[in-house]
$ cat upload36.tsv   # TSV, C-alpha atoms
chain	number	residue	atom	x	y	z
A	954	MET	CA	-49.92	58.36	-41.81
A	955	ASP	CA	-49.59	55.12	-43.82
A	956	ASN	CA	-45.87	54.89	-44.50
A	957	GLU	CA	-46.35	53.57	-48.04
A	958	ARG	CA	-48.27	56.76	-48.93
A	959	ASP	CA	-45.87	59.13	-47.23
A	960	THR	CA	-44.48	60.86	-50.32
A	961	LYS	CA	-42.40	63.18	-48.13
A	962	ALA	CA	-40.38	60.32	-46.67
A	963	LEU	CA	-36.81	59.70	-47.79
A	964	SER	CA	-36.30	56.34	-49.48
A	965	VAL	CA	-33.13	54.33	-48.88
A	966	SER	CA	-31.49	53.36	-52.18
A	967	ARG	CA	-29.34	50.29	-52.87
A	968	ALA	CA	-26.23	52.46	-52.66
A	969	GLU	CA	-27.24	53.71	-49.20
A	970	SER	CA	-28.28	50.34	-47.77
A	971	GLY	CA	-26.37	49.25	-44.67
A	972	GLN	CA	-25.78	52.72	-43.29
A	973	LYS	CA	-26.67	53.67	-39.76
A	974	LEU	CA	-29.68	55.96	-39.47
A	975	LEU	CA	-27.55	58.83	-38.15
A	976	ASN	CA	-25.09	58.57	-41.06
A	977	PHE	CA	-27.97	58.49	-43.54
A	978	LEU	CA	-29.48	61.65	-42.07
A	979	GLN	CA	-26.12	63.43	-42.15
A	980	ARG	CA	-25.88	62.77	-45.87
A	981	ARG	CA	-29.49	63.56	-46.75
A	982	VAL	CA	-30.53	66.39	-44.41
A	983	ASN	CA	-28.88	69.75	-43.77
A	984	ALA	CA	-28.85	70.04	-39.98
A	985	PRO	CA	-26.39	69.69	-37.08
A	986	ALA	CA	-25.90	66.30	-35.44
A	987	SER	CA	-27.54	67.56	-32.24
A	988	ASP	CA	-30.79	68.07	-34.15
A	989	PHE	CA	-30.71	64.55	-35.54
A	990	HIS	CA	-30.25	63.05	-32.08
A	991	ARG	CA	-33.13	65.15	-30.70
A	992	TRP	CA	-35.45	64.29	-33.60
A	993	ILE	CA	-34.73	60.57	-33.22
A	994	ARG	CA	-35.13	60.69	-29.44
A	995	THR	CA	-38.50	62.49	-29.66
A	996	GLY	CA	-39.85	60.32	-32.47
A	997	GLN	CA	-39.78	63.04	-35.16
A	998	VAL	CA	-37.69	60.69	-37.27
A	999	ARG	CA	-39.26	57.31	-37.99
A	1000	VAL	CA	-38.23	54.31	-40.07
A	1001	ASN	CA	-41.10	52.61	-41.90
A	1002	GLY	CA	-43.48	54.33	-39.51
A	1003	ALA	CA	-41.79	53.12	-36.34
A	1004	ARG	CA	-39.39	54.70	-33.87
A	1005	ALA	CA	-35.74	53.87	-34.42
A	1006	LYS	CA	-32.36	54.42	-32.81
A	1007	ALA	CA	-29.50	56.50	-34.18
A	1008	PHE	CA	-27.31	53.51	-34.90
A	1009	ASP	CA	-29.92	51.18	-36.39
A	1010	ARG	CA	-28.85	50.01	-39.85
A	1011	LEU	CA	-31.08	50.72	-42.82
A	1012	ASN	CA	-32.10	48.46	-45.70
A	1013	GLU	CA	-32.86	49.22	-49.32
A	1014	GLY	CA	-36.43	50.47	-49.65
A	1015	ASP	CA	-36.78	51.71	-46.06
A	1016	LEU	CA	-38.76	54.95	-45.79
A	1017	ILE	CA	-37.38	57.57	-43.42
A	1018	ARG	CA	-39.81	60.21	-42.20
A	1019	ILE	CA	-38.19	63.48	-41.15
A	1020	PRO	CA	-39.73	66.69	-39.72
A	1021	PRO	CA	-41.51	68.73	-42.43
A	1022	PHE	CA	-39.31	71.77	-41.74
A	1023	ALA	CA	-36.06	69.83	-42.26
A	1024	GLU	CA	-33.95	70.94	-45.23
A	1025	ARG	CA	-33.29	68.02	-47.53
A	1026	LEU	CA	-30.05	67.62	-49.43
A	1027	PRO	CA	-30.30	66.58	-53.08
A	1028	ALA	CA	-29.68	62.94	-53.91
A	1029	GLY	CA	-29.80	61.33	-57.32
A	1030	SER	CA	-31.10	57.93	-58.25
A	1031	GLY	CA	-27.80	56.46	-59.31
A	1032	GLU	CA	-29.45	55.63	-62.66
A	1033	THR	CA	-28.52	59.07	-63.95
A	1034	LEU	CA	-24.83	58.37	-63.43
A	1035	ARG	CA	-25.02	55.01	-65.17
A	1036	ASN	CA	-26.76	56.58	-68.16
A	1037	GLU	CA	-24.04	59.20	-68.49
A	1038	GLY	CA	-21.61	56.40	-69.32
A	1039	ALA	CA	-18.17	57.30	-70.57
A	1040	ALA	CA	-19.04	60.97	-70.95
A	1041	GLY	CA	-19.11	61.41	-67.19
A	1042	LYS	CA	-15.69	59.79	-66.84
A	1043	LYS	CA	-14.09	62.07	-69.43
A	1044	ARG	CA	-15.13	65.15	-67.49
A	1045	SER	CA	-13.54	63.97	-64.26
A	1046	ARG	CA	-10.42	65.70	-62.99
A	1047	LEU	CA	-9.42	62.41	-61.37
A	1048	PRO	CA	-7.93	59.80	-63.74
A	1049	ILE	CA	-10.05	56.66	-63.47
A	1050	VAL	CA	-8.33	53.28	-63.67
A	1051	PHE	CA	-11.47	51.20	-63.12
A	1052	GLU	CA	-15.14	51.81	-62.35
A	1053	ASP	CA	-18.21	49.66	-61.92
A	1054	GLU	CA	-21.45	50.09	-59.99
A	1055	ASN	CA	-19.72	49.51	-56.65
A	1056	ILE	CA	-16.18	50.88	-56.69
A	1057	LEU	CA	-13.83	53.41	-58.25
A	1058	VAL	CA	-10.08	52.93	-58.57
A	1059	LEU	CA	-8.29	56.22	-59.22
A	1060	ALA	CA	-4.79	57.25	-60.26
A	1061	LYS	CA	-4.15	59.85	-57.57
A	1062	PRO	CA	-1.66	62.48	-58.70
A	1063	ALA	CA	1.13	63.63	-56.39
A	1064	GLY	CA	0.30	66.87	-54.60
A	1065	LEU	CA	-3.40	66.14	-54.08
A	1066	PRO	CA	-4.53	65.05	-50.56
A	1067	SER	CA	-6.82	62.05	-50.24
A	1068	GLN	CA	-9.08	63.73	-47.67
A	1069	ASP	CA	-9.98	67.30	-46.73
A	1070	GLY	CA	-7.75	68.96	-44.17
A	1071	THR	CA	-6.43	72.24	-42.85
A	1072	GLY	CA	-4.65	74.23	-45.53
A	1073	HIS	CA	-5.91	72.06	-48.41
A	1074	ARG	CA	-7.93	73.82	-51.08
A	1075	GLU	CA	-9.25	70.54	-52.45
A	1076	SER	CA	-8.78	66.79	-52.14
A	1077	VAL	CA	-9.79	63.54	-53.80
A	1078	ALA	CA	-12.79	63.42	-51.45
A	1079	SER	CA	-13.90	66.98	-52.26
A	1080	ILE	CA	-13.54	66.47	-56.02
A	1081	LEU	CA	-15.59	63.27	-55.85
A	1082	ALA	CA	-18.23	65.10	-53.80
A	1083	GLU	CA	-18.36	67.88	-56.39
A	1084	GLU	CA	-18.37	65.70	-59.50
A	1085	ARG	CA	-20.72	63.03	-58.13
A	1086	ALA	CA	-23.04	65.33	-56.21
A	1087	GLY	CA	-26.11	63.76	-57.83
A	1088	ALA	CA	-25.25	60.23	-56.77
A	1089	ALA	CA	-27.44	58.43	-54.25
A	1090	PHE	CA	-24.23	57.76	-52.32
A	1091	VAL	CA	-21.32	60.10	-52.98
A	1092	PRO	CA	-18.17	57.98	-53.56
A	1093	ALA	CA	-15.59	58.24	-50.79
A	1094	PRO	CA	-11.94	57.10	-50.56
A	1095	ALA	CA	-11.59	53.84	-48.63
A	1096	HIS	CA	-7.99	54.54	-47.58
A	1097	ARG	CA	-5.40	57.28	-47.73
A	1098	LEU	CA	-2.26	58.07	-49.66
A	1099	ASP	CA	0.04	60.82	-48.42
A	1100	LYS	CA	-0.45	64.11	-50.28
A	1101	ASP	CA	2.78	63.79	-52.27
A	1102	THR	CA	2.41	60.05	-52.98
A	1103	SER	CA	0.97	59.11	-56.37
A	1104	GLY	CA	-0.79	55.93	-57.39
A	1105	LEU	CA	-3.76	53.63	-56.93
A	1106	LEU	CA	-6.53	54.82	-54.60
A	1107	ALA	CA	-9.82	52.91	-54.15
A	1108	ALA	CA	-13.19	54.50	-53.38
A	1109	GLY	CA	-16.60	53.01	-52.62
A	1110	LYS	CA	-19.64	54.04	-54.69
A	1111	THR	CA	-22.08	52.37	-52.29
A	1112	TYR	CA	-22.02	52.23	-48.52
A	1113	ALA	CA	-21.66	48.44	-48.55
A	1114	ALA	CA	-18.71	48.60	-50.96
A	1115	LEU	CA	-17.05	51.38	-48.99
A	1116	ARG	CA	-17.34	49.41	-45.77
A	1117	LEU	CA	-15.98	46.26	-47.43
A	1118	LEU	CA	-12.98	48.14	-48.82
A	1119	THR	CA	-12.31	50.08	-45.62
A	1120	ASP	CA	-12.35	46.95	-43.47
A	1121	ALA	CA	-10.15	45.01	-45.89
A	1122	LEU	CA	-7.58	47.77	-46.36
A	1123	ALA	CA	-7.40	48.26	-42.60
A	1124	GLY	CA	-6.68	44.54	-42.15
A	1125	ARG	CA	-10.08	43.70	-40.68
A	1126	GLY	CA	-11.27	41.52	-43.55
A	1127	GLU	CA	-10.91	37.78	-44.04
A	1128	ARG	CA	-8.08	38.34	-46.50
A	1129	ARG	CA	-5.54	41.17	-46.27
A	1130	PRO	CA	-5.33	42.97	-49.62
A	1131	ARG	CA	-1.98	43.23	-51.37
A	1132	LYS	CA	-0.53	46.75	-51.41
A	1133	GLU	CA	2.80	47.33	-53.16
A	1134	TYR	CA	4.73	50.54	-53.69
A	1135	LEU	CA	7.70	51.64	-55.77
A	1136	ALA	CA	10.19	54.03	-54.22
A	1137	TRP	CA	13.51	55.57	-55.13
A	1138	VAL	CA	15.70	55.88	-52.03
A	1139	GLU	CA	18.96	57.62	-51.35
A	1140	GLY	CA	22.14	55.54	-51.53
A	1141	LEU	CA	22.76	51.91	-52.34
A	1142	TRP	CA	20.32	49.58	-50.59
A	1143	PRO	CA	22.63	46.94	-49.07
A	1144	ARG	CA	20.46	43.84	-49.28
A	1145	ALA	CA	19.78	41.83	-52.45
A	1146	GLY	CA	16.55	39.89	-52.74
A	1147	THR	CA	13.63	40.43	-50.36
A	1148	VAL	CA	13.97	41.38	-46.69
A	1149	GLU	CA	11.27	42.00	-44.08
A	1150	LEU	CA	11.51	45.18	-42.02
A	1151	LYS	CA	10.00	45.23	-38.52
A	1152	ASP	CA	9.73	48.29	-36.30
A	1153	MET	CA	7.65	49.76	-33.51
A	1154	LEU	CA	6.40	53.19	-34.59
A	1155	ALA	CA	5.06	55.97	-32.37
A	1156	LYS	CA	3.67	59.39	-33.19
A	1157	ASP	CA	5.48	62.48	-31.96
A	1158	GLU	CA	2.57	64.93	-31.67
A	1159	ARG	CA	4.84	67.82	-30.75
A	1160	GLU	CA	6.91	67.53	-33.93
A	1161	ARG	CA	4.00	66.12	-35.98
A	1162	ARG	CA	6.15	63.20	-37.09
A	1163	VAL	CA	6.22	59.45	-36.77
A	1164	LYS	CA	9.34	57.84	-35.30
A	1165	THR	CA	10.74	54.42	-34.58
A	1166	LEU	CA	10.62	53.41	-30.92
A	1167	VAL	CA	13.60	54.95	-29.13
A	1168	SER	CA	12.60	54.73	-25.46
A	1169	ASP	CA	10.36	52.71	-23.17
A	1170	SER	CA	8.26	55.85	-22.57
A	1171	ASP	CA	6.96	55.56	-26.14
A	1172	ARG	CA	6.11	51.88	-25.90
A	1173	ALA	CA	2.51	52.25	-24.75
A	1174	GLU	CA	1.61	54.27	-27.85
A	1175	ALA	CA	3.80	52.37	-30.33
A	1176	LYS	CA	2.41	50.03	-33.00
A	1177	GLU	CA	4.17	47.32	-34.95
A	1178	ALA	CA	5.07	48.16	-38.55
A	1179	ARG	CA	6.06	45.46	-41.04
A	1180	CYS	CA	6.85	45.49	-44.72
A	1181	GLU	CA	8.82	43.50	-47.29
A	1182	VAL	CA	11.45	45.30	-49.36
A	1183	THR	CA	12.94	44.06	-52.64
A	1184	ARG	CA	15.82	45.80	-54.38
A	1185	LEU	CA	15.11	46.20	-58.09
A	1186	GLU	CA	18.04	48.27	-59.34
A	1187	SER	CA	20.54	50.99	-58.46
A	1188	ARG	CA	21.73	53.82	-60.68
A	1189	SER	CA	23.37	57.22	-60.55
A	1190	VAL	CA	20.81	60.00	-60.82
A	1191	HIS	CA	21.95	63.63	-60.78
A	1192	GLY	CA	25.39	62.51	-59.65
A	1193	ARG	CA	24.16	60.50	-56.63
A	1194	THR	CA	23.54	56.78	-56.15
A	1195	ARG	CA	19.85	55.94	-55.83
A	1196	THR	CA	18.09	52.57	-55.46
A	1197	LEU	CA	14.67	51.58	-56.75
A	1198	LEU	CA	12.75	49.42	-54.24
A	1199	LEU	CA	9.53	47.44	-54.36
A	1200	ILE	CA	7.78	47.60	-50.96
A	1201	ARG	CA	4.94	45.33	-49.94
A	1202	LEU	CA	3.03	46.61	-46.92
A	1203	LEU	CA	2.14	44.03	-44.30
A	1204	THR	CA	0.70	46.66	-41.93
A	1205	GLY	CA	-0.68	50.11	-42.65
A	1206	ARG	CA	0.77	52.72	-40.29
A	1207	THR	CA	0.95	56.46	-40.87
A	1208	HIS	CA	4.04	57.35	-42.93
A	1209	GLN	CA	5.21	53.77	-42.41
A	1210	ILE	CA	7.30	53.30	-45.56
A	1211	ARG	CA	8.90	56.72	-45.26
A	1212	VAL	CA	9.88	56.21	-41.61
A	1213	GLN	CA	11.10	52.63	-41.94
A	1214	LEU	CA	13.37	53.43	-44.88
A	1215	SER	CA	14.64	56.71	-43.42
A	1216	SER	CA	15.50	55.08	-40.09
A	1217	ARG	CA	17.85	52.75	-41.96
A	1218	GLY	CA	19.70	55.59	-43.63
A	1219	HIS	CA	17.86	55.39	-46.96
A	1220	PRO	CA	15.14	58.07	-47.00
A	1221	ILE	CA	12.88	58.24	-50.03
A	1222	VAL	CA	14.11	60.71	-52.62
A	1223	GLY	CA	12.24	64.00	-52.26
A	1224	ASP	CA	11.01	63.31	-48.71
A	1225	THR	CA	11.43	66.70	-47.06
A	1226	ARG	CA	10.02	65.52	-43.71
A	1227	TYR	CA	12.08	62.38	-43.10
A	1228	GLY	CA	14.94	63.02	-45.51
A	1229	ASP	CA	16.53	66.07	-47.13
A	1230	SER	CA	14.45	69.06	-46.02
A	1231	ALA	CA	15.80	71.14	-48.93
A	1232	SER	CA	15.06	68.56	-51.65
A	1233	ARG	CA	13.19	69.70	-54.74
A	1234	GLU	CA	13.04	66.31	-56.43
A	1235	GLY	CA	9.40	65.58	-55.57
A	1236	LEU	CA	8.55	62.51	-53.48
A	1237	LYS	CA	9.44	59.36	-55.41
A	1238	LEU	CA	6.86	57.08	-53.78
A	1239	HIS	CA	4.11	55.47	-55.85
A	1240	ALA	CA	1.26	53.07	-54.99
A	1241	PHE	CA	2.01	50.54	-57.72
A	1242	ARG	CA	-0.16	47.48	-57.13
A	1243	LEU	CA	-3.43	46.97	-55.29
A	1244	SER	CA	-5.41	43.79	-54.76
A	1245	ILE	CA	-8.86	44.43	-53.28
A	1246	PRO	CA	-12.05	42.47	-52.56
A	1247	LEU	CA	-15.19	43.27	-54.52
A	1248	PRO	CA	-18.80	42.74	-53.47
A	1249	GLY	CA	-19.77	39.15	-54.24
A	1250	GLY	CA	-16.55	37.62	-52.99
A	1251	ARG	CA	-14.30	38.31	-55.97
A	1252	VAL	CA	-10.80	39.81	-55.70
A	1253	ARG	CA	-9.36	42.08	-58.38
A	1254	ASP	CA	-5.76	43.13	-58.99
A	1255	PHE	CA	-4.70	46.52	-60.32
A	1256	GLU	CA	-1.32	47.80	-61.46
A	1257	LEU	CA	-0.36	51.37	-62.36
A	1258	LEU	CA	3.04	52.48	-63.59
A	1259	PRO	CA	4.49	55.59	-61.90
A	1260	PRO	CA	4.47	58.91	-63.80
A	1261	TRP	CA	8.23	59.39	-63.33
A	1262	LYS	CA	10.17	60.61	-66.35
A	1263	GLY	CA	13.77	60.80	-67.47
A	1264	ALA	CA	16.36	59.30	-65.14
A	1265	TRP	CA	13.63	58.25	-62.69
A	1266	ARG	CA	11.68	56.25	-65.26
A	1267	TYR	CA	10.67	52.74	-64.25
A	1268	ALA	CA	10.74	50.36	-67.21
A	1269	PRO	CA	9.27	46.98	-66.22
A	1270	GLU	CA	10.06	45.53	-69.65
A	1271	ASP	CA	13.72	46.06	-68.86
A	1272	LYS	CA	13.63	45.38	-65.11
A	1273	PRO	CA	10.82	42.86	-64.49
A	1274	VAL	CA	9.33	42.75	-61.01
A	1275	SER	CA	8.86	39.22	-59.70
A	1276	HIS	CA	5.48	38.09	-58.40
A	1277	ASP	CA	4.82	35.52	-55.69
$ encode --input "upload36.tsv" --output "structure tokens"
Amino acid sequence: MDNERDTKALSVSRAESGQKLLNFLQRRVNAPASDFHRWIRTGQVRVNGARAKAFDRLNEGDLIRIPPFAERLPAGSGETLRNEGAAGKKRSRLPIVFEDENILVLAKPAGLPSQDGTGHRESVASILAEERAGAAFVPAPAHRLDKDTSGLLAAGKTYAALRLLTDALAGRGERRPRKEYLAWVEGLWPRAGTVELKDMLAKDERERRVKTLVSDSDRAEAKEARCEVTRLESRSVHGRTRTLLLIRLLTGRTHQIRVQLSSRGHPIVGDTRYGDSASREGLKLHAFRLSIPLPGGRVRDFELLPPWKGAWRYAPEDKPVSHD
């Protein structure tokens, strides 16, 4: 059949461009991965009328022929979402800091996981999938924040934007994005000014924790963790001395900030895993600033004040945070 007349073929949109064929099929067809591999291997899936491989990358406008019995998943045009305008944003259960045709920057609330997982009823990813089900490419988080951490979380609305963000936030881009957090820690942080913390961190699968390197037996699995810590202020909260810190991540390891601060005797307030297991304060860790690359080579900076109230309130007009 002439591919241009194949009205049953799936067309690759701008938002989907750049994906591997297998990933595209997983998003657009309801079938197990084993079926996709078999269909591709036997020529039942074709790209622009020709055989293709599972990991070939697709371009906008490519036509993907699939078996006639395959169950398609709905996909919108992307134009529908743009036409909804502000009305669509107001209905979202996720507070939106910024949105354009390529990316979303969200204000993730504490208590909501970034990704689906065991024991989680919903997550940022599942809410995006539900609310943007008609999009040509369902937005997906480009990085993670711990469940009880609040703050800035970026998501890609196109495959190309998601890949750009994911690579940059993982340190694989040309320029490492700036990620800064605010945290209240127990006790009086001893160092004024800015200090760099360096550790080797290893996962303890048995205890489901991350720990600083304590023996040579852990060294093979350990990874370097680095961050810069600046003391902003100290105050008495609920009868105990607490210190507000600004932390700039230089690497992105699991639970990095929590482990590095706890290992120095200053766990984050409300950290029941690495600090006081009986604490009911709520984790006082917030993703405060984020600098990320955008398609086209631009870089954009975002800042979001933490939702802390009362004695925990952060007032930048009173305690300015210095920039480089």
$ closest_residue --input "upload36.tsv" --among "A:Gly1228, A:Gly1250, A:Pro1092, A:Gly1070" --to "Asn1055 in chain A" --atoms "all atoms listed in the file"
A:Pro1092
$ residues_around --input "upload36.tsv" --residues "Ile1245 in chain A" --least-positions-apart "5" --cutoff "6 Å" --atoms "only C-alpha atoms" --output "PDB file with C-alpha atoms, keeping the file's coordinate frame"
ATOM      1  CA  PRO A1130      -5.330  42.970 -49.620  1.00  0.00           C
ATOM      2  CA  VAL A1252     -10.800  39.810 -55.700  1.00  0.00           C
ATOM      3  CA  ARG A1253      -9.360  42.080 -58.380  1.00  0.00           C
TER       4      ARG A1253
END
$ atom_distance --input "upload36.tsv" --atom1 "CA of Lys1110 in chain A" --atom2 "CA of Ala962 in chain A"
23.1 Å
$ atom_distance --input "upload36.tsv" --atom1 "CA of Glu1133 in chain A" --atom2 "CA of Ser1187 in chain A"
18.9 Å
$ axis_aligned_box --input "upload36.tsv" --around "range 1172-1186 of chain A" --padding-each-side "3 Å" --output "AutoDock Vina command-line options"
--center_x 9.8 --center_y 48.9 --center_z -42.0 --size_x 22.4 --size_y 16.8 --size_z 40.6
$ closest_residue --input "upload36.tsv" --among "A:Arg981, A:Arg1116, A:His1219, A:Arg1046" --to "Pro1248 in chain A" --atoms "only C-alpha atoms"
A:Arg1116
$ residues_around --input "upload36.tsv" --residues "Arg1266 in chain A" --least-positions-apart "5" --cutoff "12 Å" --atoms "all atoms listed in the file" --output "list in words"
Leu1135, Ala1136, Trp1137, Glu1186, Arg1188, Val1190, Leu1197, Lys1237, Leu1258, Pro1259, Pro1260, Trp1261, Asp1271 and Lys1272 of chain A
$ residues_around --input "upload36.tsv" --residues "Lys1100 in chain A" --least-positions-apart "5" --cutoff "8 Å" --atoms "all atoms listed in the file" --output "ChimeraX atom specification"
/A:1063-1067
$ write_last_selection --input "upload36.tsv" --atoms "C-alpha atoms" --output "PDB file, in the coordinates of the input"
ATOM      1  CA  ALA A1063       1.130  63.630 -56.390  1.00  0.00           C
ATOM      2  CA  GLY A1064       0.300  66.870 -54.600  1.00  0.00           C
ATOM      3  CA  LEU A1065      -3.400  66.140 -54.080  1.00  0.00           C
ATOM      4  CA  PRO A1066      -4.530  65.050 -50.560  1.00  0.00           C
ATOM      5  CA  SER A1067      -6.820  62.050 -50.240  1.00  0.00           C
TER       6      SER A1067
END
$ closest_residue --input "upload36.tsv" --among "A:Ser1076, A:Ser966, A:Ser1232, A:Thr1207" --to "Ala1155 in chain A" --atoms "all atoms listed in the file"
A:Thr1207
$ residues_near_point --input "upload36.tsv" --point "(-7.8, 45.8, -60.5)" --cutoff "7 Å" --atoms "all atoms listed in the file" --output "JSON, numbers by chain"
{"A": [1243, 1244, 1253, 1254, 1255, 1256]}
$ residues_near_point --input "upload36.tsv" --point "(-5.9, 51.5, -61.3)" --cutoff "9 Å" --atoms "only C-alpha atoms" --output "PyMOL selection string"
chain A and resi 1048-1051+1057-1060+1104-1107+1241-1243+1254-1257
$ atom_distance --input "upload36.tsv" --atom1 "CA of Val1148 in chain A" --atom2 "CA of Ala1095 in chain A"
28.5 Å
$ residues_around --input "upload36.tsv" --residues "Gly1109 in chain A" --least-positions-apart "5" --cutoff "6 Å" --atoms "all atoms listed in the file" --output "list in words"
Ile1056, Pro1092, Ala1093, Ala1114 and Leu1115 of chain A
$ closest_residue --input "upload36.tsv" --among "A:Leu1203, A:Leu975, A:Leu963, A:Val982" --to "Leu1016 in chain A" --atoms "only C-alpha atoms"
A:Leu963
$ closest_residue --input "upload36.tsv" --among "A:Lys1156, A:Arg1179, A:Arg1129, A:Arg1184" --to "Gln1213 in chain A" --atoms "all atoms listed in the file"
A:Arg1179
$ closest_residue --input "upload36.tsv" --among "A:Ala1023, A:Leu974, A:Met1153, A:Leu1236" --to "Trp1265 in chain A" --atoms "only C-alpha atoms"
A:Leu1236
$ residues_around --input "upload36.tsv" --residues "range 977-979 of chain A" --least-positions-apart "4" --cutoff "12 Å" --atoms "all atoms listed in the file" --output "PDB file with C-alpha atoms, in the coordinates of the input"
ATOM      1  CA  ALA A 962     -40.380  60.320 -46.670  1.00  0.00           C
ATOM      2  CA  LEU A 963     -36.810  59.700 -47.790  1.00  0.00           C
ATOM      3  CA  SER A 964     -36.300  56.340 -49.480  1.00  0.00           C
ATOM      4  CA  VAL A 965     -33.130  54.330 -48.880  1.00  0.00           C
ATOM      5  CA  SER A 966     -31.490  53.360 -52.180  1.00  0.00           C
ATOM      6  CA  ALA A 968     -26.230  52.460 -52.660  1.00  0.00           C
ATOM      7  CA  GLU A 969     -27.240  53.710 -49.200  1.00  0.00           C
ATOM      8  CA  SER A 970     -28.280  50.340 -47.770  1.00  0.00           C
ATOM      9  CA  GLY A 971     -26.370  49.250 -44.670  1.00  0.00           C
ATOM     10  CA  GLN A 972     -25.780  52.720 -43.290  1.00  0.00           C
ATOM     11  CA  LYS A 973     -26.670  53.670 -39.760  1.00  0.00           C
ATOM     12  CA  ASN A 983     -28.880  69.750 -43.770  1.00  0.00           C
ATOM     13  CA  ALA A 984     -28.850  70.040 -39.980  1.00  0.00           C
ATOM     14  CA  PRO A 985     -26.390  69.690 -37.080  1.00  0.00           C
ATOM     15  CA  ALA A 986     -25.900  66.300 -35.440  1.00  0.00           C
ATOM     16  CA  SER A 987     -27.540  67.560 -32.240  1.00  0.00           C
ATOM     17  CA  ASP A 988     -30.790  68.070 -34.150  1.00  0.00           C
ATOM     18  CA  PHE A 989     -30.710  64.550 -35.540  1.00  0.00           C
ATOM     19  CA  HIS A 990     -30.250  63.050 -32.080  1.00  0.00           C
ATOM     20  CA  TRP A 992     -35.450  64.290 -33.600  1.00  0.00           C
ATOM     21  CA  ILE A 993     -34.730  60.570 -33.220  1.00  0.00           C
ATOM     22  CA  VAL A 998     -37.690  60.690 -37.270  1.00  0.00           C
ATOM     23  CA  ARG A 999     -39.260  57.310 -37.990  1.00  0.00           C
ATOM     24  CA  VAL A1000     -38.230  54.310 -40.070  1.00  0.00           C
ATOM     25  CA  ALA A1007     -29.500  56.500 -34.180  1.00  0.00           C
ATOM     26  CA  PHE A1008     -27.310  53.510 -34.900  1.00  0.00           C
ATOM     27  CA  ASP A1009     -29.920  51.180 -36.390  1.00  0.00           C
ATOM     28  CA  ARG A1010     -28.850  50.010 -39.850  1.00  0.00           C
ATOM     29  CA  LEU A1011     -31.080  50.720 -42.820  1.00  0.00           C
ATOM     30  CA  ASN A1012     -32.100  48.460 -45.700  1.00  0.00           C
ATOM     31  CA  GLU A1013     -32.860  49.220 -49.320  1.00  0.00           C
ATOM     32  CA  ASP A1015     -36.780  51.710 -46.060  1.00  0.00           C
ATOM     33  CA  LEU A1016     -38.760  54.950 -45.790  1.00  0.00           C
ATOM     34  CA  ILE A1017     -37.380  57.570 -43.420  1.00  0.00           C
ATOM     35  CA  ARG A1018     -39.810  60.210 -42.200  1.00  0.00           C
ATOM     36  CA  ILE A1019     -38.190  63.480 -41.150  1.00  0.00           C
ATOM     37  CA  PRO A1020     -39.730  66.690 -39.720  1.00  0.00           C
ATOM     38  CA  ALA A1023     -36.060  69.830 -42.260  1.00  0.00           C
ATOM     39  CA  GLU A1024     -33.950  70.940 -45.230  1.00  0.00           C
ATOM     40  CA  ARG A1025     -33.290  68.020 -47.530  1.00  0.00           C
ATOM     41  CA  LEU A1026     -30.050  67.620 -49.430  1.00  0.00           C
ATOM     42  CA  ALA A1028     -29.680  62.940 -53.910  1.00  0.00           C
ATOM     43  CA  ALA A1089     -27.440  58.430 -54.250  1.00  0.00           C
ATOM     44  CA  PHE A1090     -24.230  57.760 -52.320  1.00  0.00           C
ATOM     45  CA  VAL A1091     -21.320  60.100 -52.980  1.00  0.00           C
ATOM     46  CA  TYR A1112     -22.020  52.230 -48.520  1.00  0.00           C
TER      47      TYR A1112
END
